[in-house]
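Notes follow once the structure below has been shown.
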Amino acid sequence: MLRVRCLRGGSRGAEAAHYLGSRLGRALTGWVQRSSQSTQAATASQNTCAAEDKATSPVPKDCPVCSYNEWDPLEEVIVGRAENACVPPFSVEVKANTYEKYWGFYEKFGGQSFPKDHLKKAIAEIEEMCNILKREGVIVKRPDPIDWSVKYKTPDFESTGMYAAMPRDILLVVGNEIIEAPMAWRARFFEYRAYRRIIKDYFNRGAKWTTAPKPTMADELYDQDYPICSVEDRHKLAAQGKFVTTEFEPCFDAADFIRAGRDIFVQRSQVTNYMGIEWMRRHLAPDYRVHIISFKDPNPMHIDATFNIIGPGFVLSNPDRPCHQIELFKKAGWTVIRPPVPLIPDDHPLWMSSKWLSMNVLMLDEKRVMVDANETSIQKMFENLGISTIKVNIRHANSLGGGFHCWTCDIRRRGTLQSYFD
């Protein structure tokens, strides 16, 4: 996960380059599609009978995967696992996404387990969270436990793994399609393996399944000299549209996207580049519109602790990380809610996130929300909005980088595709 962040700020030069690249890309894409269609038609005419004995059954009407937004009644969800979670090696992309006070922790424990006692408590918290979801009538699926300490090597890099704690980071559900994100951290290259059993089951039952182009994660994907020494450096670089990830190849984490029916909002962050956003834009067009939004954020990585849509026309907007395009939402009639300051103590370890996980909530429907049991201020905010709070303590789970939204990926919500911005 994470925990943290309709058109991306950055530099005007970056925006212009993105726009021109997008226009050129659409022209090339149209040519490629026309050529492909002609080739496919010719091939089909020559092989009309060749695959008759291999025909698959039609997609079932009761597809198990269907979710268009963040608030329709939740029926089925994937909840992550903290088991065997390992500290990622302290590489350049990890350094750019973590706070300076924890750099010593990563240098010392990279490639090793997170503190055992802490993990044990986090595992118990998530088990209780799953039990509560089940009592609320939600079907819960879990990824497979994997030994993340195993070293692996590709032609371009070597690393150990991290965890399968945050399904929101790697899986994006749009309608009846599950999209596997390519990711941007080398420690998360093989994270998809923990979810394959579940995804194959959904696919066999009628869901669409797409895997975005897997990046090589070669050195060229990262600015090896990314100049961060302080929070001030991060603010300056983010304002200039400079990030540790380059445009060498597409990369993105699914948690940098948030859904509102036909409109999907995304941020250019340390783990999501413009090429990744453009891949998603082309893949989802014309049924969905992908909008880039930006924030005053020194460490953009994952949008859902910065900008969390909680209902049709309602969005939580982090007061410490204001949205540069917020007027677009206000003009569309949306209510922008500033959540209260988090209550989590300063001495609580947050190795991979900020205190603003307090707003990283999971909507069970428009009138029920799963929220941290310790965050009484935001509980009161929701209750004043007429939303019932389901209180769960996941303080130790927070330390691994996520709140309720991060620890889950909603697979099925009872609702239909609508437009909330027309």
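Labels used: A, B, ... for chains in the order of the structure tokens, numbers from 1 for residues in each chain, and numbers from 1 for ligands as shown.
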
Give me the residues within 7 Å of Thr335 in chain A as an MDAnalysis selection string, counting only C-alpha atoms and dropping any in the same chain fewer than 6 places off. chainID A and resid 313:315

Just the selected residues (C-alpha atoms), exported as an mmCIF file, in the first residue's frame, please.
```cif
data_model
loop_
_atom_site.group_PDB
_atom_site.id
_atom_site.type_symbol
_atom_site.label_atom_id
_atom_site.label_comp_id
_atom_site.auth_asym_id
_atom_site.auth_seq_id
_atom_site.Cartn_x
_atom_site.Cartn_y
_atom_site.Cartn_z
ATOM 1 C CA GLY A 313 -20.198 13.255 -4.545
ATOM 2 C CA PHE A 314 -18.123 12.914 -1.350
ATOM 3 C CA VAL A 315 -14.338 12.832 -1.057
#
```

Determine which residues of range 165-386 of chain A DSSP labels as alpha helix (DSSP H) from the backbone of this structure, then write them out as a ChimeraX atom specification. /A:167-170,196-204,231-239,274-284,326-331,376-384

For Lys208 in chain A, work out the shell of residues within 7 Å, counting only C-alpha atoms and skipping chain neighbours fewer than 3 positions away, then give it as JSON, numbers by chain. {"A": [176, 177, 178, 203]}

Restrict the calculation to only C-alpha atoms, then for each residue of range 56-163 of chain A with any atom at most 12 Å from an atom of range 393-413 of chain A give the closest atom pair and their distance in Å to one decimal, rows by chain and rising residue number, as JSON lines.
```
{"residue": "A:Asp62", "atom": "CA", "partner": "A:Arg412", "partner_atom": "CA", "distance": 11.0}
{"residue": "A:Cys63", "atom": "CA", "partner": "A:Arg412", "partner_atom": "CA", "distance": 9.2}
{"residue": "A:Pro64", "atom": "CA", "partner": "A:Arg412", "partner_atom": "CA", "distance": 6.7}
{"residue": "A:Val65", "atom": "CA", "partner": "A:Arg412", "partner_atom": "CA", "distance": 5.2}
{"residue": "A:Cys66", "atom": "CA", "partner": "A:Arg412", "partner_atom": "CA", "distance": 4.6}
{"residue": "A:Ser67", "atom": "CA", "partner": "A:Arg413", "partner_atom": "CA", "distance": 5.0}
{"residue": "A:Tyr68", "atom": "CA", "partner": "A:Arg413", "partner_atom": "CA", "distance": 7.6}
{"residue": "A:Asn69", "atom": "CA", "partner": "A:Arg413", "partner_atom": "CA", "distance": 8.1}
{"residue": "A:Glu70", "atom": "CA", "partner": "A:Asp410", "partner_atom": "CA", "distance": 8.2}
{"residue": "A:Trp71", "atom": "CA", "partner": "A:Arg413", "partner_atom": "CA", "distance": 7.9}
{"residue": "A:Asp72", "atom": "CA", "partner": "A:Arg413", "partner_atom": "CA", "distance": 5.4}
{"residue": "A:Pro73", "atom": "CA", "partner": "A:Arg413", "partner_atom": "CA", "distance": 5.2}
{"residue": "A:Leu74", "atom": "CA", "partner": "A:Arg413", "partner_atom": "CA", "distance": 4.5}
{"residue": "A:Glu75", "atom": "CA", "partner": "A:Arg412", "partner_atom": "CA", "distance": 5.4}
{"residue": "A:Glu76", "atom": "CA", "partner": "A:Arg412", "partner_atom": "CA", "distance": 5.1}
{"residue": "A:Val77", "atom": "CA", "partner": "A:Asp410", "partner_atom": "CA", "distance": 4.4}
{"residue": "A:Ile78", "atom": "CA", "partner": "A:Cys409", "partner_atom": "CA", "distance": 5.1}
{"residue": "A:Val79", "atom": "CA", "partner": "A:Thr408", "partner_atom": "CA", "distance": 4.6}
{"residue": "A:Gly80", "atom": "CA", "partner": "A:Trp407", "partner_atom": "CA", "distance": 5.4}
{"residue": "A:Arg81", "atom": "CA", "partner": "A:Trp407", "partner_atom": "CA", "distance": 8.3}
{"residue": "A:Ala82", "atom": "CA", "partner": "A:Ala397", "partner_atom": "CA", "distance": 7.8}
{"residue": "A:Glu83", "atom": "CA", "partner": "A:Ala397", "partner_atom": "CA", "distance": 11.1}
{"residue": "A:Asn84", "atom": "CA", "partner": "A:Leu400", "partner_atom": "CA", "distance": 11.9}
{"residue": "A:Ala85", "atom": "CA", "partner": "A:Leu400", "partner_atom": "CA", "distance": 8.6}
{"residue": "A:Cys86", "atom": "CA", "partner": "A:Leu400", "partner_atom": "CA", "distance": 9.7}
{"residue": "A:Val87", "atom": "CA", "partner": "A:Leu400", "partner_atom": "CA", "distance": 9.2}
{"residue": "A:Pro88", "atom": "CA", "partner": "A:Leu400", "partner_atom": "CA", "distance": 11.2}
{"residue": "A:Asn97", "atom": "CA", "partner": "A:Gly401", "partner_atom": "CA", "distance": 11.1}
{"residue": "A:Thr98", "atom": "CA", "partner": "A:Gly401", "partner_atom": "CA", "distance": 10.2}
{"residue": "A:Tyr102", "atom": "CA", "partner": "A:Ser399", "partner_atom": "CA", "distance": 11.7}
{"residue": "A:Ser113", "atom": "CA", "partner": "A:Leu400", "partner_atom": "CA", "distance": 11.6}
{"residue": "A:Phe114", "atom": "CA", "partner": "A:Leu400", "partner_atom": "CA", "distance": 8.7}
{"residue": "A:Pro115", "atom": "CA", "partner": "A:Leu400", "partner_atom": "CA", "distance": 10.8}
{"residue": "A:Lys116", "atom": "CA", "partner": "A:His396", "partner_atom": "CA", "distance": 11.5}
{"residue": "A:Asp117", "atom": "CA", "partner": "A:His396", "partner_atom": "CA", "distance": 9.9}
{"residue": "A:His118", "atom": "CA", "partner": "A:His396", "partner_atom": "CA", "distance": 6.4}
{"residue": "A:Leu119", "atom": "CA", "partner": "A:His396", "partner_atom": "CA", "distance": 7.5}
{"residue": "A:Lys120", "atom": "CA", "partner": "A:His396", "partner_atom": "CA", "distance": 9.0}
{"residue": "A:Lys121", "atom": "CA", "partner": "A:His396", "partner_atom": "CA", "distance": 6.3}
{"residue": "A:Ala122", "atom": "CA", "partner": "A:Ala397", "partner_atom": "CA", "distance": 4.4}
{"residue": "A:Ile123", "atom": "CA", "partner": "A:Ala397", "partner_atom": "CA", "distance": 7.4}
{"residue": "A:Ala124", "atom": "CA", "partner": "A:Ile394", "partner_atom": "CA", "distance": 9.0}
{"residue": "A:Glu125", "atom": "CA", "partner": "A:Ile394", "partner_atom": "CA", "distance": 5.4}
{"residue": "A:Ile126", "atom": "CA", "partner": "A:Ile394", "partner_atom": "CA", "distance": 6.9}
{"residue": "A:Glu127", "atom": "CA", "partner": "A:Ile394", "partner_atom": "CA", "distance": 10.1}
{"residue": "A:Glu128", "atom": "CA", "partner": "A:Asn393", "partner_atom": "CA", "distance": 8.7}
{"residue": "A:Met129", "atom": "CA", "partner": "A:Ile394", "partner_atom": "CA", "distance": 8.0}
{"residue": "A:Cys130", "atom": "CA", "partner": "A:Thr408", "partner_atom": "CA", "distance": 10.0}
{"residue": "A:Ile132", "atom": "CA", "partner": "A:Asn393", "partner_atom": "CA", "distance": 11.2}
{"residue": "A:Leu133", "atom": "CA", "partner": "A:Thr408", "partner_atom": "CA", "distance": 10.9}
{"residue": "A:Val138", "atom": "CA", "partner": "A:Arg412", "partner_atom": "CA", "distance": 9.6}
{"residue": "A:Ile139", "atom": "CA", "partner": "A:Arg412", "partner_atom": "CA", "distance": 9.3}
{"residue": "A:Val140", "atom": "CA", "partner": "A:Thr408", "partner_atom": "CA", "distance": 9.5}
{"residue": "A:Lys141", "atom": "CA", "partner": "A:Ile411", "partner_atom": "CA", "distance": 9.4}
{"residue": "A:Arg142", "atom": "CA", "partner": "A:Thr408", "partner_atom": "CA", "distance": 9.6}
{"residue": "A:Pro143", "atom": "CA", "partner": "A:Thr408", "partner_atom": "CA", "distance": 10.9}
{"residue": "A:Met162", "atom": "CA", "partner": "A:Leu400", "partner_atom": "CA", "distance": 10.1}
{"residue": "A:Tyr163", "atom": "CA", "partner": "A:Leu400", "partner_atom": "CA", "distance": 9.3}
```

Using DSSP assignments from the backbone, pull out every residue in range 155-334 of chain A that falls under strand (DSSP E) and give it to me as a PyMOL selection string. chain A and resi 158-159+171-174+177-180+208-211+257-260+263-266+289-292+307-311+314-317

Contacts of range 136-186 of chain A with range 243-258 of chain A up to 7 Å, shortest pair per row, only C-alpha atoms, as CSV:
```
residue,atom,partner,partner_atom,distance
A:Arg168,CA,A:Ala255,CA,5.5
A:Asp169,CA,A:Ala255,CA,4.5
A:Ile170,CA,A:Ala254,CA,5.3
A:Leu171,CA,A:Ala254,CA,5.8
A:Leu172,CA,A:Ala254,CA,5.5
A:Ala181,CA,A:Ala254,CA,5.6
A:Pro182,CA,A:Cys251,CA,5.7
A:Met183,CA,A:Asp253,CA,4.9
A:Ala184,CA,A:Cys251,CA,5.7
```

All residues 7 Å or closer to Val231 in chain A, only C-alpha atoms, same chain fewer than 3 positions away omitted, as a ChimeraX atom specification: /A:234-235,298

Give me the residues within 9 Å of Leu237 in chain A as number ranges by chain, counting only C-alpha atoms and dropping any in the same chain fewer than 5 places off. A: 10, 227-228, 232, 242-243, 298

Residue selection dump (N, CA, C and O atoms) as a short mmCIF file (atom, residue, chain, number, x, y, z; two decimals), in the first residue's frame:
```cif
data_model
loop_
_atom_site.label_atom_id
_atom_site.label_comp_id
_atom_site.auth_asym_id
_atom_site.auth_seq_id
_atom_site.Cartn_x
_atom_site.Cartn_y
_atom_site.Cartn_z
N GLY A 10 3.36 18.45 -11.53
CA GLY A 10 4.69 18.32 -12.08
C GLY A 10 5.02 19.56 -12.86
O GLY A 10 4.43 20.62 -12.72
N PRO A 227 18.16 13.07 -5.74
CA PRO A 227 18.81 13.83 -4.67
C PRO A 227 17.93 14.12 -3.46
O PRO A 227 17.54 15.27 -3.22
N ILE A 228 17.59 13.12 -2.67
CA ILE A 228 16.77 13.37 -1.48
C ILE A 228 17.62 13.24 -0.22
O ILE A 228 18.27 12.24 0.02
N GLU A 232 12.38 18.75 2.75
CA GLU A 232 12.41 19.94 1.88
C GLU A 232 12.81 19.55 0.46
O GLU A 232 12.24 20.03 -0.52
N LYS A 242 9.59 15.84 -10.54
CA LYS A 242 10.72 14.93 -10.60
C LYS A 242 10.52 13.79 -9.60
O LYS A 242 10.22 14.03 -8.43
N PHE A 243 10.69 12.58 -10.07
CA PHE A 243 10.44 11.40 -9.25
C PHE A 243 11.57 10.40 -9.43
O PHE A 243 12.34 10.47 -10.37
N PRO A 298 5.20 15.77 -0.44
CA PRO A 298 6.63 15.55 -0.60
C PRO A 298 6.99 14.10 -0.90
O PRO A 298 8.12 13.82 -1.29
#
```

So that I can see what lies close to Cys323 in chain A, please list as a CSV table (one decimal) with all heavy atoms, in the first residue's frame the residues with an atom at most 12 Å from it, counting only C-alpha atoms and leaving out residues fewer than 6 positions away in the same chain.
```
chain,number,residue,atom,x,y,z
A,5,ARG,N,-1.8,9.9,-1.6
A,5,ARG,CA,-1.9,11.0,-2.5
A,5,ARG,C,-3.1,11.1,-3.4
A,5,ARG,O,-3.5,10.6,-4.1
A,5,ARG,CB,-0.8,10.9,-3.5
A,5,ARG,CG,0.2,10.2,-3.0
A,5,ARG,CD,1.1,10.1,-2.1
A,5,ARG,NE,1.6,9.4,-1.4
A,5,ARG,CZ,1.7,9.1,-0.4
A,5,ARG,NH1,1.0,9.6,0.2
A,5,ARG,NH2,2.3,8.5,0.2
A,6,CYS,N,-8.9,16.7,-13.4
A,6,CYS,CA,-8.6,15.8,-13.0
A,6,CYS,C,-7.3,16.1,-13.6
A,6,CYS,O,-6.9,15.1,-14.0
A,6,CYS,CB,-9.8,16.3,-12.8
A,6,CYS,SG,-10.6,15.7,-11.4
A,7,LEU,N,-5.6,16.7,-13.4
A,7,LEU,CA,-4.5,16.5,-14.3
A,7,LEU,C,-3.2,16.7,-13.5
A,7,LEU,O,-3.1,17.7,-12.8
A,7,LEU,CB,-4.5,17.4,-15.5
A,7,LEU,CG,-5.7,17.2,-16.3
A,7,LEU,CD1,-5.8,18.2,-17.4
A,7,LEU,CD2,-5.7,15.8,-16.9
A,8,ARG,N,-2.2,15.8,-13.7
A,8,ARG,CA,-1.0,15.8,-12.8
A,8,ARG,C,-0.2,17.0,-12.9
A,8,ARG,O,0.0,17.5,-14.0
A,8,ARG,CB,-0.1,14.6,-13.2
A,8,ARG,CG,1.2,14.6,-12.5
A,8,ARG,CD,1.1,14.4,-11.0
A,8,ARG,NE,2.3,14.8,-10.2
A,8,ARG,CZ,2.3,14.8,-8.9
A,8,ARG,NH1,1.2,14.5,-8.2
A,8,ARG,NH2,3.4,15.1,-8.3
A,9,GLY,N,0.2,17.5,-11.8
A,9,GLY,CA,1.0,18.8,-11.8
A,9,GLY,C,2.3,18.6,-12.4
A,9,GLY,O,2.5,18.5,-13.6
A,265,PHE,N,-9.4,8.3,-11.1
A,265,PHE,CA,-8.4,9.3,-10.8
A,265,PHE,C,-7.1,8.7,-10.4
A,265,PHE,O,-7.0,7.7,-9.7
A,265,PHE,CB,-8.9,10.3,-9.8
A,265,PHE,CG,-10.2,11.0,-10.2
A,265,PHE,CD1,-11.4,10.4,-9.9
A,265,PHE,CD2,-10.1,12.1,-10.9
A,265,PHE,CE1,-12.6,11.1,-10.3
A,265,PHE,CE2,-11.3,12.8,-11.3
A,265,PHE,CZ,-12.5,12.2,-11.0
A,266,VAL,N,-6.0,9.3,-10.9
A,266,VAL,CA,-4.6,8.7,-10.6
A,266,VAL,C,-3.7,9.9,-10.4
A,266,VAL,O,-3.9,11.0,-10.8
A,266,VAL,CB,-4.2,7.9,-11.8
A,266,VAL,CG1,-4.1,8.7,-13.1
A,266,VAL,CG2,-2.9,7.2,-11.6
A,267,GLN,N,-2.6,9.5,-9.7
A,267,GLN,CA,-1.5,10.5,-9.5
A,267,GLN,C,-0.2,10.0,-10.1
A,267,GLN,O,0.0,8.8,-10.0
A,267,GLN,CB,-1.3,10.8,-8.0
A,267,GLN,CG,-0.8,9.7,-7.2
A,267,GLN,CD,-0.4,10.1,-5.8
A,267,GLN,OE1,-0.3,11.3,-5.5
A,267,GLN,NE2,-0.1,9.1,-4.9
A,292,ILE,N,-5.6,12.6,-14.4
A,292,ILE,CA,-4.4,12.7,-13.5
A,292,ILE,C,-4.7,13.9,-12.6
A,292,ILE,O,-5.0,15.0,-13.0
A,292,ILE,CB,-3.1,12.9,-14.3
A,292,ILE,CG1,-3.0,11.9,-15.4
A,292,ILE,CG2,-1.9,12.9,-13.4
A,292,ILE,CD1,-1.8,12.1,-16.3
A,293,ILE,N,-4.5,13.7,-11.3
A,293,ILE,CA,-4.6,14.7,-10.3
A,293,ILE,C,-3.3,14.8,-9.5
A,293,ILE,O,-2.6,13.8,-9.4
A,293,ILE,CB,-5.8,14.6,-9.4
A,293,ILE,CG1,-5.9,13.2,-8.7
A,293,ILE,CG2,-7.1,14.8,-10.2
A,293,ILE,CD1,-7.0,13.1,-7.7
A,294,SER,N,-3.0,15.9,-8.9
A,294,SER,CA,-1.8,16.1,-8.2
A,294,SER,C,-2.0,16.8,-6.8
A,294,SER,O,-3.0,17.4,-6.6
A,294,SER,CB,-0.8,16.9,-9.0
A,294,SER,OG,-1.3,18.2,-9.3
A,295,PHE,N,-1.0,16.7,-6.0
A,295,PHE,CA,-1.1,17.2,-4.6
A,295,PHE,C,0.2,17.8,-4.1
A,295,PHE,O,1.2,17.6,-4.7
A,295,PHE,CB,-1.5,16.0,-3.7
A,295,PHE,CG,-2.7,15.2,-4.1
A,295,PHE,CD1,-2.5,14.1,-5.0
A,295,PHE,CD2,-3.9,15.5,-3.7
A,295,PHE,CE1,-3.6,13.4,-5.4
A,295,PHE,CE2,-5.0,14.8,-4.2
A,295,PHE,CZ,-4.8,13.7,-5.0
A,296,LYS,N,0.0,18.6,-3.1
A,296,LYS,CA,1.2,19.2,-2.5
A,296,LYS,C,1.7,18.1,-1.5
A,296,LYS,O,1.4,18.2,-0.3
A,296,LYS,CB,0.9,20.5,-1.8
A,296,LYS,CG,2.1,21.2,-1.2
A,296,LYS,CD,1.8,22.5,-0.4
A,296,LYS,CE,3.0,23.1,0.1
A,296,LYS,NZ,2.7,24.3,0.9
A,297,ASP,N,2.5,17.2,-2.1
A,297,ASP,CA,2.9,16.0,-1.3
A,297,ASP,C,4.4,15.8,-1.5
A,297,ASP,O,4.9,15.6,-2.6
A,297,ASP,CB,2.1,14.8,-1.8
A,297,ASP,CG,2.3,13.6,-0.9
A,297,ASP,OD1,3.2,13.6,-0.1
A,297,ASP,OD2,1.6,12.6,-1.2
A,300,PRO,N,4.8,11.4,-2.8
A,300,PRO,CA,3.6,10.8,-3.4
A,300,PRO,C,3.8,9.3,-3.7
A,300,PRO,O,4.7,9.0,-4.4
A,300,PRO,CB,3.4,11.6,-4.6
A,300,PRO,CG,4.7,12.2,-5.0
A,300,PRO,CD,5.4,12.4,-3.7
A,303,ILE,N,-2.6,6.8,-3.5
A,303,ILE,CA,-3.5,8.0,-3.4
A,303,ILE,C,-4.5,8.0,-2.2
A,303,ILE,O,-5.0,9.0,-1.8
A,303,ILE,CB,-4.3,8.2,-4.7
A,303,ILE,CG1,-4.8,9.6,-4.9
A,303,ILE,CG2,-5.4,7.1,-4.8
A,303,ILE,CD1,-5.4,9.8,-6.3
A,306,THR,N,-4.5,10.2,0.8
A,306,THR,CA,-4.4,11.6,0.4
A,306,THR,C,-5.8,12.1,-0.1
A,306,THR,O,-6.2,13.2,0.1
A,306,THR,CB,-3.3,11.8,-0.6
A,306,THR,OG1,-2.1,11.5,0.0
A,306,THR,CG2,-3.3,13.3,-1.1
A,307,PHE,N,-6.4,11.2,-0.9
A,307,PHE,CA,-7.6,11.5,-1.6
A,307,PHE,C,-8.5,10.2,-1.6
A,307,PHE,O,-8.1,9.3,-2.4
A,307,PHE,CB,-7.3,12.0,-3.0
A,307,PHE,CG,-8.3,12.9,-3.6
A,307,PHE,CD1,-8.5,14.2,-3.2
A,307,PHE,CD2,-9.1,12.4,-4.6
A,307,PHE,CE1,-9.4,15.0,-3.8
A,307,PHE,CE2,-10.1,13.2,-5.3
A,307,PHE,CZ,-10.2,14.5,-4.8
A,308,ASN,N,-9.5,10.1,-0.8
A,308,ASN,CA,-10.2,8.9,-0.7
A,308,ASN,C,-11.7,9.2,-0.9
A,308,ASN,O,-12.4,9.8,-0.1
A,308,ASN,CB,-10.0,8.3,0.7
A,308,ASN,CG,-10.4,6.8,0.8
A,308,ASN,OD1,-10.9,6.2,-0.2
A,308,ASN,ND2,-10.1,6.2,1.9
A,315,VAL,N,-15.7,13.2,-1.0
A,315,VAL,CA,-14.3,12.8,-1.1
A,315,VAL,C,-13.6,13.4,0.2
A,315,VAL,O,-13.8,14.5,0.6
A,315,VAL,CB,-13.6,13.3,-2.3
A,315,VAL,CG1,-13.6,14.8,-2.4
A,315,VAL,CG2,-12.2,12.8,-2.4
A,316,LEU,N,-12.8,12.5,0.8
A,316,LEU,CA,-11.9,12.9,1.9
A,316,LEU,C,-10.6,13.5,1.2
A,316,LEU,O,-10.0,12.8,0.5
A,316,LEU,CB,-11.6,11.8,2.8
A,316,LEU,CG,-12.7,11.1,3.5
A,316,LEU,CD1,-12.1,10.0,4.5
A,316,LEU,CD2,-13.5,12.0,4.3
A,317,SER,N,-10.3,14.7,1.6
A,317,SER,CA,-9.1,15.3,1.0
A,317,SER,C,-8.2,15.7,2.1
A,317,SER,O,-8.5,16.5,3.0
A,317,SER,CB,-9.5,16.6,0.2
A,317,SER,OG,-8.4,17.2,-0.4
A,329,PHE,N,-13.7,19.3,-8.7
A,329,PHE,CA,-14.7,18.5,-7.9
A,329,PHE,C,-15.7,19.4,-7.4
A,329,PHE,O,-16.9,19.1,-7.4
A,329,PHE,CB,-14.0,17.7,-6.8
A,329,PHE,CG,-13.0,16.7,-7.4
A,329,PHE,CD1,-11.7,17.0,-7.7
A,329,PHE,CD2,-13.5,15.4,-7.5
A,329,PHE,CE1,-10.9,16.0,-8.2
A,329,PHE,CE2,-12.7,14.4,-8.0
A,329,PHE,CZ,-11.4,14.7,-8.4
A,330,LYS,N,-15.3,20.6,-6.9
A,330,LYS,CA,-16.3,21.5,-6.3
A,330,LYS,C,-17.3,22.0,-7.4
A,330,LYS,O,-18.5,22.1,-7.1
A,330,LYS,CB,-15.6,22.7,-5.6
A,330,LYS,CG,-14.8,22.3,-4.4
A,330,LYS,CD,-14.1,23.5,-3.8
A,330,LYS,CE,-13.4,23.1,-2.5
A,330,LYS,NZ,-12.7,24.3,-1.9
A,336,VAL,N,-16.3,18.3,-0.5
A,336,VAL,CA,-14.9,18.0,-0.2
A,336,VAL,C,-14.8,18.1,1.4
A,336,VAL,O,-15.0,19.1,2.0
A,336,VAL,CB,-13.9,19.0,-0.8
A,336,VAL,CG1,-12.5,18.6,-0.4
A,336,VAL,CG2,-14.0,18.9,-2.3
A,338,ARG,N,-12.5,17.6,4.8
A,338,ARG,CA,-11.2,17.6,5.4
A,338,ARG,C,-11.2,16.8,6.7
A,338,ARG,O,-11.8,17.2,7.7
A,338,ARG,CB,-10.7,19.0,5.7
A,338,ARG,CG,-10.5,19.9,4.5
A,338,ARG,CD,-10.4,21.4,4.8
A,338,ARG,NE,-9.4,21.7,5.8
A,338,ARG,CZ,-8.2,22.1,5.6
A,338,ARG,NH1,-7.8,22.2,4.3
A,338,ARG,NH2,-7.4,22.4,6.5
```

What is the distance between CA of Lys95 in chain A and CA of Asp372 in chain A, in Å to one decimal? 27.9 Å

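Using only C-alpha atoms for every distance, the candidate list A:Leu385, A:Val174, A:Ala212, A:Ile390 yields A:Ala212 as the residue closest to Met275 in chain A.
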
Residue nearest Met363 in chain A among A:Glu136, A:Asp347, A:Ile264, A:Ser269 (counting only C-alpha atoms):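 The shortest atom-to-atom distance to Met363 in chain A comes from A:Glu136.
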